[in-house]
$ cat work.csv   # CSV, C-alpha atoms
chain,number,residue,atom,x,y,z
M,1,MET,CA,22.5,-3.6,-95.6
M,2,LEU,CA,23.6,-6.9,-94.0
M,3,THR,CA,25.6,-5.1,-91.4
M,4,GLU,CA,22.7,-2.8,-90.6
M,5,SER,CA,20.3,-5.8,-90.3
M,6,ASN,CA,22.7,-7.7,-88.0
M,7,SER,CA,23.1,-4.6,-85.9
M,8,GLN,CA,19.3,-4.2,-85.5
M,9,GLN,CA,18.9,-7.8,-84.7
M,10,SER,CA,21.7,-7.6,-82.1
M,11,GLU,CA,20.2,-4.5,-80.5
M,12,SER,CA,16.8,-6.3,-80.3
M,13,VAL,CA,18.3,-9.3,-78.5
M,14,LEU,CA,20.2,-6.8,-76.2
M,15,MET,CA,17.0,-5.1,-75.3
M,16,LYS,CA,15.3,-8.4,-74.5
M,17,VAL,CA,18.1,-9.2,-72.1
M,18,ILE,CA,17.9,-5.7,-70.5
M,19,ARG,CA,14.1,-6.3,-70.0
M,20,LEU,CA,14.8,-9.7,-68.6
M,21,LEU,CA,17.2,-8.2,-66.1
M,22,ARG,CA,14.7,-5.4,-65.4
M,23,TRP,CA,17.3,-2.8,-66.1
M,24,ASP,CA,14.7,-0.9,-68.1
M,25,LYS,CA,12.8,-0.4,-64.8
M,26,PRO,CA,15.3,1.2,-62.4
M,27,ALA,CA,12.8,1.7,-59.5
M,28,GLY,CA,12.9,-2.0,-58.6
M,29,ARG,CA,16.8,-2.0,-58.7
M,30,LEU,CA,17.1,1.2,-56.7
M,31,ILE,CA,14.7,0.1,-54.0
M,32,LEU,CA,17.0,-2.9,-53.2
M,33,MET,CA,20.1,-0.7,-53.2
M,34,ILE,CA,18.6,1.7,-50.7
M,35,PRO,CA,18.7,-0.5,-47.6
M,36,ALA,CA,22.3,-1.5,-48.5
M,37,LEU,CA,23.3,2.1,-48.7
M,38,TRP,CA,21.5,2.9,-45.4
M,39,ALA,CA,23.5,0.2,-43.7
M,40,VAL,CA,27.0,1.1,-45.1
M,41,PHE,CA,26.6,4.8,-44.4
M,42,LEU,CA,25.2,4.3,-40.8
M,43,ALA,CA,27.8,1.6,-40.0
M,44,THR,CA,30.7,4.0,-41.0
M,45,HIS,CA,29.1,7.1,-39.5
M,46,GLY,CA,28.6,8.6,-43.0
M,47,MET,CA,32.1,8.0,-44.3
M,48,PRO,CA,32.3,4.6,-46.0
M,49,PRO,CA,35.2,3.8,-48.3
M,50,ILE,CA,34.3,4.7,-51.8
M,51,PRO,CA,35.4,1.3,-53.3
M,52,LEU,CA,33.1,-0.4,-50.8
M,53,VAL,CA,30.1,1.8,-51.9
M,54,GLY,CA,30.9,0.8,-55.5
M,55,VAL,CA,31.0,-2.8,-54.6
M,56,ILE,CA,27.7,-2.6,-52.8
M,57,ILE,CA,26.0,-0.8,-55.8
M,58,VAL,CA,27.3,-3.2,-58.4
M,59,GLY,CA,26.6,-6.2,-56.1
M,60,THR,CA,22.9,-5.1,-55.6
M,61,LEU,CA,22.5,-4.6,-59.3
M,62,ALA,CA,23.9,-8.1,-60.1
M,63,THR,CA,21.9,-9.8,-57.3
M,64,SER,CA,18.6,-8.1,-58.2
M,65,ALA,CA,19.2,-9.0,-61.9
M,66,ALA,CA,19.8,-12.6,-61.0
M,67,GLY,CA,16.7,-12.6,-58.8
M,68,CYS,CA,14.5,-11.2,-61.6
M,69,VAL,CA,15.7,-13.9,-64.0
M,70,ILE,CA,15.1,-16.7,-61.5
M,71,ASN,CA,11.6,-15.2,-60.8
M,72,ASP,CA,10.8,-15.2,-64.6
M,73,LEU,CA,12.1,-18.8,-65.0
M,74,TRP,CA,9.8,-20.0,-62.2
M,75,ASP,CA,6.9,-18.0,-63.5
M,76,ARG,CA,7.3,-18.5,-67.3
M,77,ASP,CA,4.0,-20.3,-67.5
M,78,ILE,CA,2.2,-18.0,-65.1
M,79,ASP,CA,3.3,-14.6,-66.4
M,80,PRO,CA,1.6,-15.1,-69.8
M,81,GLU,CA,-1.8,-15.1,-67.9
M,82,VAL,CA,-1.1,-11.8,-66.0
M,83,GLU,CA,-1.6,-8.6,-67.9
M,84,ARG,CA,1.3,-6.8,-66.2
M,85,THR,CA,3.8,-9.6,-66.9
M,86,ARG,CA,2.7,-11.3,-70.2
M,87,ASP,CA,5.3,-9.3,-72.3
M,88,ARG,CA,8.3,-10.4,-70.2
M,89,PRO,CA,10.9,-12.1,-72.5
M,90,LEU,CA,10.5,-15.6,-71.0
M,91,ALA,CA,6.8,-15.3,-70.7
M,92,SER,CA,6.4,-14.2,-74.4
M,93,ARG,CA,9.0,-16.8,-75.5
M,94,ALA,CA,11.1,-13.9,-76.9
M,95,LEU,CA,14.0,-15.6,-75.1
M,96,THR,CA,14.5,-19.3,-74.5
M,97,ILE,CA,14.6,-21.0,-71.1
M,98,LYS,CA,18.2,-22.0,-71.9
M,99,THR,CA,19.1,-18.4,-72.4
M,100,GLY,CA,17.4,-17.4,-69.2
M,101,ILE,CA,19.4,-20.0,-67.2
M,102,ILE,CA,22.7,-18.9,-68.8
M,103,ILE,CA,22.0,-15.3,-67.9
M,104,ALA,CA,21.0,-16.2,-64.3
M,105,ILE,CA,24.2,-18.1,-63.9
M,106,ILE,CA,26.3,-15.2,-65.3
M,107,ALA,CA,24.5,-12.7,-62.9
M,108,PHE,CA,25.0,-15.0,-59.9
M,109,ALA,CA,28.7,-15.5,-60.9
M,110,CYS,CA,29.2,-11.7,-61.1
M,111,ALA,CA,27.6,-11.3,-57.7
M,112,GLY,CA,29.8,-14.1,-56.4
M,113,VAL,CA,33.0,-12.5,-57.7
M,114,ILE,CA,32.0,-9.2,-56.1
M,115,ALA,CA,31.3,-11.0,-52.8
M,116,LEU,CA,35.0,-12.1,-52.8
M,117,TYR,CA,35.9,-8.5,-52.0
M,118,LEU,CA,34.0,-8.7,-48.8
M,119,ASN,CA,35.1,-10.0,-45.4
M,120,THR,CA,34.4,-13.5,-44.2
M,121,LEU,CA,31.1,-12.6,-42.3
M,122,SER,CA,29.7,-10.6,-45.3
M,123,PHE,CA,30.7,-13.3,-47.7
M,124,TRP,CA,28.8,-16.0,-45.9
M,125,LEU,CA,25.8,-13.8,-45.4
M,126,SER,CA,25.9,-13.4,-49.2
M,127,VAL,CA,25.9,-17.1,-49.6
M,128,ALA,CA,23.0,-17.5,-47.1
M,129,ALA,CA,21.0,-15.0,-49.1
M,130,VAL,CA,21.1,-17.1,-52.4
M,131,PRO,CA,18.6,-19.8,-51.3
M,132,VAL,CA,16.1,-17.1,-50.2
M,133,ILE,CA,16.4,-15.3,-53.5
M,134,ILE,CA,16.0,-18.6,-55.5
M,135,CYS,CA,13.0,-19.8,-53.4
M,136,TYR,CA,11.0,-16.5,-53.3
M,137,PRO,CA,9.2,-17.2,-56.6
M,138,LEU,CA,8.3,-20.7,-55.3
M,139,ALA,CA,7.0,-19.3,-52.1
M,140,LYS,CA,4.0,-17.7,-53.8
M,141,ARG,CA,2.8,-21.2,-54.6
M,142,VAL,CA,3.1,-22.7,-51.1
M,143,PHE,CA,3.3,-19.8,-48.6
M,144,PRO,CA,0.4,-17.5,-47.9
M,145,VAL,CA,2.5,-14.3,-47.5
M,146,PRO,CA,5.4,-14.7,-50.1
M,147,GLN,CA,6.2,-11.0,-49.7
M,148,LEU,CA,7.7,-11.9,-46.3
M,149,VAL,CA,10.2,-14.1,-48.1
M,150,LEU,CA,11.1,-11.3,-50.4
M,151,SER,CA,11.4,-9.0,-47.4
M,152,ILE,CA,13.9,-11.4,-45.8
M,153,ALA,CA,15.9,-11.3,-49.0
M,154,TRP,CA,15.8,-7.5,-48.9
M,155,GLY,CA,17.0,-7.7,-45.3
M,156,PHE,CA,20.1,-9.5,-46.3
M,157,ALA,CA,21.2,-6.3,-48.0
M,158,VAL,CA,21.4,-4.6,-44.6
M,159,LEU,CA,23.3,-7.4,-42.9
M,160,ILE,CA,25.8,-7.9,-45.8
M,161,SER,CA,26.5,-4.2,-46.2
M,162,TRP,CA,26.8,-3.4,-42.5
M,163,SER,CA,29.1,-6.3,-41.8
M,164,ALA,CA,31.1,-5.5,-44.9
M,165,ALA,CA,31.8,-2.0,-43.4
M,166,VAL,CA,32.6,-3.0,-39.8
M,167,ALA,CA,32.9,-6.8,-39.8
M,168,GLU,CA,30.2,-7.2,-37.1
M,169,LEU,CA,26.5,-6.8,-36.4
M,170,ASP,CA,25.1,-4.9,-33.5
M,171,ILE,CA,21.8,-3.8,-32.0
M,172,ALA,CA,21.5,-0.9,-34.5
M,173,THR,CA,22.0,-3.4,-37.4
M,174,TRP,CA,19.1,-5.5,-36.3
M,175,ILE,CA,16.8,-2.5,-35.8
M,176,LEU,CA,17.6,-1.4,-39.3
M,177,TRP,CA,17.0,-4.9,-40.6
M,178,GLY,CA,13.6,-5.0,-38.9
M,179,ALA,CA,12.7,-1.6,-40.4
M,180,THR,CA,13.7,-2.9,-43.9
M,181,ILE,CA,11.6,-6.0,-43.4
M,182,VAL,CA,8.4,-4.1,-42.6
M,183,TRP,CA,9.1,-1.4,-45.1
M,184,THR,CA,9.5,-4.0,-47.9
M,185,LEU,CA,6.3,-5.8,-46.7
M,186,GLY,CA,4.5,-2.4,-47.1
M,187,PHE,CA,5.6,-1.4,-50.5
M,188,ASP,CA,5.6,-4.9,-52.0
M,189,THR,CA,2.0,-5.5,-50.7
M,190,VAL,CA,1.1,-2.3,-52.6
M,191,TYR,CA,2.8,-3.8,-55.6
M,192,ALA,CA,0.9,-7.1,-55.2
M,193,MET,CA,-2.5,-5.3,-54.9
M,194,SER,CA,-2.4,-4.5,-58.6
M,195,ASP,CA,-2.3,-8.2,-59.5
M,196,ARG,CA,-4.9,-9.4,-57.0
M,197,GLU,CA,-7.5,-10.5,-59.6
M,198,ASP,CA,-5.0,-12.3,-61.8
M,199,ASP,CA,-3.3,-14.0,-58.8
M,200,ARG,CA,-6.7,-15.2,-57.4
M,201,LEU,CA,-7.7,-16.8,-60.8
M,202,LEU,CA,-4.3,-18.5,-61.1
M,203,GLY,CA,-4.2,-19.7,-57.5
M,204,VAL,CA,-1.1,-17.8,-56.6
M,205,ASN,CA,-0.6,-16.4,-53.1
M,206,SER,CA,0.3,-12.8,-52.2
M,207,SER,CA,0.1,-10.7,-49.1
M,208,ALA,CA,-2.6,-8.6,-50.9
M,209,LEU,CA,-4.8,-11.6,-51.1
M,210,PHE,CA,-3.9,-12.8,-47.6
M,211,PHE,CA,-5.0,-9.6,-46.0
M,212,GLY,CA,-7.9,-9.2,-48.4
M,213,GLU,CA,-10.2,-6.2,-47.7
M,214,TYR,CA,-7.7,-5.2,-44.9
M,215,ALA,CA,-4.7,-5.0,-47.2
M,216,ALA,CA,-4.7,-1.1,-47.1
M,217,TYR,CA,-4.7,-1.3,-43.3
M,218,ALA,CA,-1.9,-3.8,-43.3
M,219,VAL,CA,0.2,-1.5,-45.5
M,220,GLY,CA,-0.5,1.3,-43.1
M,221,ILE,CA,0.6,-0.8,-40.1
M,222,PHE,CA,3.8,-1.9,-42.0
M,223,PHE,CA,4.7,1.7,-42.7
M,224,PHE,CA,3.9,2.8,-39.2
M,225,LEU,CA,6.2,0.0,-37.8
M,226,THR,CA,8.9,1.2,-40.2
M,227,ALA,CA,8.7,4.7,-38.8
M,228,ILE,CA,8.8,3.4,-35.2
M,229,LEU,CA,11.8,1.2,-35.9
M,230,LEU,CA,13.6,4.0,-37.7
M,231,GLY,CA,12.9,6.2,-34.7
M,232,LEU,CA,14.3,3.6,-32.4
M,233,LEU,CA,17.4,3.4,-34.7
M,234,GLY,CA,17.8,7.2,-34.4
M,235,ILE,CA,17.7,7.0,-30.6
M,236,GLU,CA,20.1,4.0,-30.5
M,237,MET,CA,22.6,5.7,-32.8
M,238,GLU,CA,22.0,9.2,-31.3
M,239,LEU,CA,21.3,10.6,-34.8
M,240,HIS,CA,21.0,14.3,-35.2
M,241,LEU,CA,18.4,16.7,-36.6
M,242,GLY,CA,18.9,15.8,-40.3
M,243,PHE,CA,17.7,12.3,-39.7
M,244,TRP,CA,14.6,13.3,-37.8
M,245,ILE,CA,13.6,15.8,-40.5
M,246,SER,CA,13.9,13.1,-43.1
M,247,LEU,CA,11.9,10.6,-41.0
M,248,CYS,CA,9.1,13.2,-40.5
M,249,ILE,CA,9.0,13.7,-44.3
M,250,ALA,CA,8.9,9.9,-44.9
M,251,THR,CA,6.2,9.4,-42.3
M,252,VAL,CA,4.0,12.1,-43.9
M,253,PHE,CA,4.4,10.5,-47.3
M,254,TRP,CA,3.5,7.0,-45.9
M,255,PHE,CA,0.4,8.5,-44.2
M,256,ILE,CA,-0.7,10.1,-47.5
M,257,GLN,CA,-0.1,6.8,-49.3
M,258,TYR,CA,-2.2,4.9,-46.7
M,259,GLY,CA,-5.0,7.4,-47.3
M,260,LYS,CA,-4.9,6.9,-51.0
M,261,LEU,CA,-5.1,3.1,-50.6
M,262,ARG,CA,-8.2,3.6,-48.3
M,263,GLN,CA,-10.1,5.6,-50.9
M,264,GLU,CA,-13.1,3.9,-52.4
M,265,ASP,CA,-12.5,4.9,-56.0
M,266,ILE,CA,-11.7,2.3,-58.6
M,267,PHE,CA,-8.3,3.6,-59.7
M,268,LYS,CA,-5.5,3.1,-57.2
M,269,PRO,CA,-2.1,4.5,-57.9
M,270,TYR,CA,-0.2,1.3,-56.9
M,271,GLY,CA,2.7,1.8,-59.3
M,272,GLN,CA,3.0,5.5,-58.2
M,273,ILE,CA,3.1,4.5,-54.5
M,274,PHE,CA,5.8,1.9,-55.2
M,275,ARG,CA,8.0,4.4,-57.1
M,276,GLN,CA,7.4,7.1,-54.4
M,277,ASN,CA,9.0,4.7,-51.9
M,278,VAL,CA,12.2,4.9,-53.9
M,279,TRP,CA,12.4,8.6,-53.3
M,280,ILE,CA,11.4,8.2,-49.7
M,281,GLY,CA,14.3,5.8,-49.3
M,282,PHE,CA,16.7,8.3,-50.7
M,283,ILE,CA,15.3,11.1,-48.5
M,284,LEU,CA,16.0,8.8,-45.5
M,285,LEU,CA,19.5,8.1,-46.8
M,286,VAL,CA,20.3,11.8,-47.0
M,287,GLY,CA,18.8,12.2,-43.5
M,288,MET,CA,21.0,9.3,-42.2
M,289,ILE,CA,24.2,10.8,-43.7
M,290,THR,CA,23.5,14.2,-42.3
M,291,GLY,CA,22.2,12.7,-39.0
M,292,VAL,CA,25.5,11.0,-38.2
M,293,ASN,CA,27.6,14.1,-39.1
M,294,PHE,CA,25.6,17.2,-38.1

$ encode --input "work.csv" --output "structure tokens"
Amino acid sequence: MLTESNSQQSESVLMKVIRLLRWDKPAGRLILMIPALWAVFLATHGMPPIPLVGVIIVGTLATSAAGCVINDLWDRDIDPEVERTRDRPLASRALTIKTGIIIAIIAFACAGVIALYLNTLSFWLSVAAVPVIICYPLAKRVFPVPQLVLSIAWGFAVLISWSAAVAELDIATWILWGATIVWTLGFDTVYAMSDREDDRLLGVNSSALFFGEYAAYAVGIFFFLTAILLGLLGIEMELHLGFWISLCIATVFWFIQYGKLRQEDIFKPYGQIFRQNVWIGFILLVGMITGVNF
């Protein structure tokens, strides 16, 4: 009986840690991984070294986990006031601040060890990304569009992965970086729209509040710019039919999502739109892989 009780207690703590790292919600982890995979497959013309792909996948998981813990440490007194976040382990005091700090250090240490596998340029880009990741939660208190800071953090995934593959950055890299920035601004503004009322009451900034009644239009513009930049990328890299088919599919989905956000009904499928962008990202990844080879 004692062994069984200890096992259940251990499992309970493990689940709290998993929720703290957001590993119970894979959409947010995958959507960071996608731009990194875009970059490594495009930079290597669809044939990256398998070990490098593994490093990028594990690195994005470790980095996003660290970012989630840092976010929850910053917001431990705000999250209890927001319906969507009040059950997070640090907000509900299911885990202590000390535990959160230790887990954040471990996650960053894992990401740091993985970064040692990379070349010099990629390593220092990884180092440069850390302050952005740490400061993003603070940005929502002092910067009117904190989602831009998150987008820049997302953009580092492109720069790190591309340079890890070919040890340089070129015009195509920066076009993909720009596409990633505006795509992230789009889907994360949608994510922020679900928290508008809570954020307004708490005095927390977000792009959804910044754009106000024009938030849906802003999302539409961000997705439109994403499609334009990806189109320019296709031209710059002379990508083939597979890429253009995937870009057409993605653009149709973005147009439909924009239409849903413009509807006047009370219910808005914010979470659904966010998750759909994960699949859109993978559709584009398949298009990029086929576009450089066929």

$ residues_around --input "work.csv" --residues "Thr189 in chain M" --least-positions-apart "5" --cutoff "9 Å" --atoms "only C-alpha atoms" --output "ChimeraX atom specification"
/M:147,184,206-208,215-216,218-219

$ residues_around --input "work.csv" --residues "Ile70 in chain M" --least-positions-apart "6" --cutoff "8 Å" --atoms "all atoms listed in the file" --output "list of chain:residue names"
M:Ile101, M:Ala104, M:Ile134, M:Pro137

$ atom_distance --input "work.csv" --atom1 "CA of Phe255 in chain M" --atom2 "CA of Leu176 in chain M"
20.4 Å

$ atom_distance --input "work.csv" --atom1 "CA of Ala179 in chain M" --atom2 "CA of Ile228 in chain M"
8.2 Å

$ atom_distance --input "work.csv" --atom1 "CA of Ala167 in chain M" --atom2 "CA of Leu225 in chain M"
27.6 Å

$ closest_residue --input "work.csv" --among "M:Pro51, M:Gly231, M:Pro80, M:Pro146" --to "Val132 in chain M" --atoms "only C-alpha atoms"
M:Pro146

$ closest_residue --input "work.csv" --among "M:Thr85, M:Ser151, M:Ser126, M:Asn205" --to "Ser163 in chain M" --atoms "all atoms listed in the file"
M:Ser126

$ closest_residue --input "work.csv" --among "M:Leu42, M:Met193, M:Asp198, M:Gln272" --to "Ile175 in chain M" --atoms "all atoms listed in the file"
M:Leu42

$ residues_around --input "work.csv" --residues "Thr226 in chain M" --least-positions-apart "4" --cutoff "8 Å" --atoms "all atoms listed in the file" --output "PDB file with C-alpha atoms, in the coordinates of the input"
ATOM      1  CA  GLY M 178      13.600  -5.000 -38.900  1.00  0.00           C
ATOM      2  CA  ALA M 179      12.700  -1.600 -40.400  1.00  0.00           C
ATOM      3  CA  THR M 180      13.700  -2.900 -43.900  1.00  0.00           C
ATOM      4  CA  VAL M 182       8.400  -4.100 -42.600  1.00  0.00           C
ATOM      5  CA  TRP M 183       9.100  -1.400 -45.100  1.00  0.00           C
ATOM      6  CA  PHE M 222       3.800  -1.900 -42.000  1.00  0.00           C
ATOM      7  CA  LEU M 230      13.600   4.000 -37.700  1.00  0.00           C
TER       8      LEU M 230
END

$ closest_residue --input "work.csv" --among "M:Val82, M:Ala91, M:Val190, M:Val55" --to "Arg262 in chain M" --atoms "all atoms listed in the file"
M:Val190

$ residues_around --input "work.csv" --residues "Ile78 in chain M" --least-positions-apart "4" --cutoff "12 Å" --atoms "all atoms listed in the file" --output "list in words"
Asn71, Asp72, Leu73, Trp74, Val82, Glu83, Arg84, Thr85, Arg86, Asp87, Arg88, Leu90, Ala91, Ser92, Pro137, Leu138, Lys140, Arg141, Asp198, Asp199, Leu201, Leu202, Gly203 and Val204 of chain M

$ residues_near_point --input "work.csv" --point "(27.4, 1.5, -54.4)" --cutoff "12 Å" --atoms "all atoms listed in the file" --output "ChimeraX atom specification"
/M:29-30,32-41,48-62,114,157,161

$ write_last_selection --input "work.csv" --atoms "C-alpha atoms" --output "short mmCIF file (atom, residue, chain, number, x, y, z; two decimals), in the frame of the given file"
data_model
loop_
_atom_site.label_atom_id
_atom_site.label_comp_id
_atom_site.auth_asym_id
_atom_site.auth_seq_id
_atom_site.Cartn_x
_atom_site.Cartn_y
_atom_site.Cartn_z
CA ARG M 29 16.80 -2.00 -58.70
CA LEU M 30 17.10 1.20 -56.70
CA LEU M 32 17.00 -2.90 -53.20
CA MET M 33 20.10 -0.70 -53.20
CA ILE M 34 18.60 1.70 -50.70
CA PRO M 35 18.70 -0.50 -47.60
CA ALA M 36 22.30 -1.50 -48.50
CA LEU M 37 23.30 2.10 -48.70
CA TRP M 38 21.50 2.90 -45.40
CA ALA M 39 23.50 0.20 -43.70
CA VAL M 40 27.00 1.10 -45.10
CA PHE M 41 26.60 4.80 -44.40
CA PRO M 48 32.30 4.60 -46.00
CA PRO M 49 35.20 3.80 -48.30
CA ILE M 50 34.30 4.70 -51.80
CA PRO M 51 35.40 1.30 -53.30
CA LEU M 52 33.10 -0.40 -50.80
CA VAL M 53 30.10 1.80 -51.90
CA GLY M 54 30.90 0.80 -55.50
CA VAL M 55 31.00 -2.80 -54.60
CA ILE M 56 27.70 -2.60 -52.80
CA ILE M 57 26.00 -0.80 -55.80
CA VAL M 58 27.30 -3.20 -58.40
CA GLY M 59 26.60 -6.20 -56.10
CA THR M 60 22.90 -5.10 -55.60
CA LEU M 61 22.50 -4.60 -59.30
CA ALA M 62 23.90 -8.10 -60.10
CA ILE M 114 32.00 -9.20 -56.10
CA ALA M 157 21.20 -6.30 -48.00
CA SER M 161 26.50 -4.20 -46.20
#

$ axis_aligned_box --input "work.csv" --around "range 229-238 of chain M" --padding-each-side "6 Å" --output "lines of an AutoDock Vina configuration file"
center_x = 17.2
center_y = 5.2
center_z = -34.1
size_x = 22.8
size_y = 20.0
size_z = 19.2

$ residues_around --input "work.csv" --residues "Pro131 in chain M" --least-positions-apart "3" --cutoff "12 Å" --atoms "only C-alpha atoms" --output "ChimeraX atom specification"
/M:67,70,108,125-128,134-139,149-150,152-153,156

$ decode --input "work.csv" --residues "range 253-279 of chain M" --atoms "N, CA and C atoms" --output "PDB file, in the first residue's frame"
ATOM      1  N   PHE M 253      -6.664  28.384 -46.319  1.00  0.00           N
ATOM      2  CA  PHE M 253      -6.962  28.208 -44.892  1.00  0.00           C
ATOM      3  C   PHE M 253      -6.891  29.545 -44.161  1.00  0.00           C
ATOM      4  N   TRP M 254      -5.862  30.337 -44.432  1.00  0.00           N
ATOM      5  CA  TRP M 254      -5.732  31.638 -43.768  1.00  0.00           C
ATOM      6  C   TRP M 254      -6.885  32.560 -44.113  1.00  0.00           C
ATOM      7  N   PHE M 255      -7.334  32.518 -45.354  1.00  0.00           N
ATOM      8  CA  PHE M 255      -8.468  33.358 -45.762  1.00  0.00           C
ATOM      9  C   PHE M 255      -9.737  32.927 -45.019  1.00  0.00           C
ATOM     10  N   ILE M 256      -9.938  31.617 -44.897  1.00  0.00           N
ATOM     11  CA  ILE M 256     -11.107  31.104 -44.164  1.00  0.00           C
ATOM     12  C   ILE M 256     -11.033  31.518 -42.697  1.00  0.00           C
ATOM     13  N   GLN M 257      -9.849  31.417 -42.093  1.00  0.00           N
ATOM     14  CA  GLN M 257      -9.682  31.803 -40.695  1.00  0.00           C
ATOM     15  C   GLN M 257      -9.979  33.287 -40.499  1.00  0.00           C
ATOM     16  N   TYR M 258      -9.500  34.098 -41.432  1.00  0.00           N
ATOM     17  CA  TYR M 258      -9.783  35.539 -41.364  1.00  0.00           C
ATOM     18  C   TYR M 258     -11.290  35.784 -41.422  1.00  0.00           C
ATOM     19  N   GLY M 259     -11.972  35.045 -42.288  1.00  0.00           N
ATOM     20  CA  GLY M 259     -13.423  35.189 -42.392  1.00  0.00           C
ATOM     21  C   GLY M 259     -14.131  34.830 -41.101  1.00  0.00           C
ATOM     22  N   LYS M 260     -13.678  33.774 -40.428  1.00  0.00           N
ATOM     23  CA  LYS M 260     -14.292  33.375 -39.158  1.00  0.00           C
ATOM     24  C   LYS M 260     -14.086  34.441 -38.091  1.00  0.00           C
ATOM     25  N   LEU M 261     -12.901  35.053 -38.076  1.00  0.00           N
ATOM     26  CA  LEU M 261     -12.624  36.083 -37.087  1.00  0.00           C
ATOM     27  C   LEU M 261     -13.470  37.335 -37.329  1.00  0.00           C
ATOM     28  N   ARG M 262     -13.892  37.555 -38.565  1.00  0.00           N
ATOM     29  CA  ARG M 262     -14.698  38.726 -38.917  1.00  0.00           C
ATOM     30  C   ARG M 262     -16.176  38.526 -38.608  1.00  0.00           C
ATOM     31  N   GLN M 263     -16.587  37.308 -38.344  1.00  0.00           N
ATOM     32  CA  GLN M 263     -18.001  37.048 -38.083  1.00  0.00           C
ATOM     33  C   GLN M 263     -18.447  37.755 -36.806  1.00  0.00           C
ATOM     34  N   GLU M 264     -19.720  38.094 -36.754  1.00  0.00           N
ATOM     35  CA  GLU M 264     -20.247  38.877 -35.636  1.00  0.00           C
ATOM     36  C   GLU M 264     -20.760  38.024 -34.480  1.00  0.00           C
ATOM     37  N   ASP M 265     -20.740  36.698 -34.632  1.00  0.00           N
ATOM     38  CA  ASP M 265     -21.289  35.873 -33.562  1.00  0.00           C
ATOM     39  C   ASP M 265     -20.407  35.957 -32.320  1.00  0.00           C
ATOM     40  N   ILE M 266     -20.956  35.540 -31.195  1.00  0.00           N
ATOM     41  CA  ILE M 266     -20.245  35.645 -29.914  1.00  0.00           C
ATOM     42  C   ILE M 266     -19.087  34.665 -29.862  1.00  0.00           C
ATOM     43  N   PHE M 267     -19.327  33.429 -30.274  1.00  0.00           N
ATOM     44  CA  PHE M 267     -18.290  32.399 -30.197  1.00  0.00           C
ATOM     45  C   PHE M 267     -17.288  32.564 -31.330  1.00  0.00           C
ATOM     46  N   LYS M 268     -16.027  32.571 -30.993  1.00  0.00           N
ATOM     47  CA  LYS M 268     -14.962  32.632 -31.986  1.00  0.00           C
ATOM     48  C   LYS M 268     -14.004  31.457 -31.729  1.00  0.00           C
ATOM     49  N   PRO M 269     -13.687  30.693 -32.750  1.00  0.00           N
ATOM     50  CA  PRO M 269     -12.866  29.485 -32.557  1.00  0.00           C
ATOM     51  C   PRO M 269     -11.373  29.803 -32.474  1.00  0.00           C
ATOM     52  N   TYR M 270     -10.985  30.595 -31.449  1.00  0.00           N
ATOM     53  CA  TYR M 270      -9.591  31.022 -31.354  1.00  0.00           C
ATOM     54  C   TYR M 270      -8.637  29.840 -31.225  1.00  0.00           C
ATOM     55  N   GLY M 271      -8.963  28.930 -30.300  1.00  0.00           N
ATOM     56  CA  GLY M 271      -8.097  27.777 -30.106  1.00  0.00           C
ATOM     57  C   GLY M 271      -8.020  26.900 -31.344  1.00  0.00           C
ATOM     58  N   GLN M 272      -9.137  26.740 -32.021  1.00  0.00           N
ATOM     59  CA  GLN M 272      -9.174  25.923 -33.234  1.00  0.00           C
ATOM     60  C   GLN M 272      -8.294  26.533 -34.323  1.00  0.00           C
ATOM     61  N   ILE M 273      -8.361  27.838 -34.480  1.00  0.00           N
ATOM     62  CA  ILE M 273      -7.546  28.515 -35.488  1.00  0.00           C
ATOM     63  C   ILE M 273      -6.069  28.369 -35.158  1.00  0.00           C
ATOM     64  N   PHE M 274      -5.716  28.514 -33.892  1.00  0.00           N
ATOM     65  CA  PHE M 274      -4.322  28.341 -33.473  1.00  0.00           C
ATOM     66  C   PHE M 274      -3.828  26.939 -33.824  1.00  0.00           C
ATOM     67  N   ARG M 275      -4.616  25.917 -33.493  1.00  0.00           N
ATOM     68  CA  ARG M 275      -4.208  24.528 -33.771  1.00  0.00           C
ATOM     69  C   ARG M 275      -4.154  24.261 -35.275  1.00  0.00           C
ATOM     70  N   GLN M 276      -5.057  24.872 -36.027  1.00  0.00           N
ATOM     71  CA  GLN M 276      -5.031  24.683 -37.481  1.00  0.00           C
ATOM     72  C   GLN M 276      -3.725  25.178 -38.087  1.00  0.00           C
ATOM     73  N   ASN M 277      -3.140  26.201 -37.482  1.00  0.00           N
ATOM     74  CA  ASN M 277      -1.889  26.724 -38.015  1.00  0.00           C
ATOM     75  C   ASN M 277      -0.731  25.753 -37.841  1.00  0.00           C
ATOM     76  N   VAL M 278      -0.842  24.841 -36.895  1.00  0.00           N
ATOM     77  CA  VAL M 278       0.159  23.777 -36.783  1.00  0.00           C
ATOM     78  C   VAL M 278       0.113  22.916 -38.046  1.00  0.00           C
ATOM     79  N   TRP M 279      -1.090  22.512 -38.431  1.00  0.00           N
ATOM     80  CA  TRP M 279      -1.235  21.676 -39.635  1.00  0.00           C
ATOM     81  C   TRP M 279      -0.867  22.445 -40.891  1.00  0.00           C
TER      82      TRP M 279
END
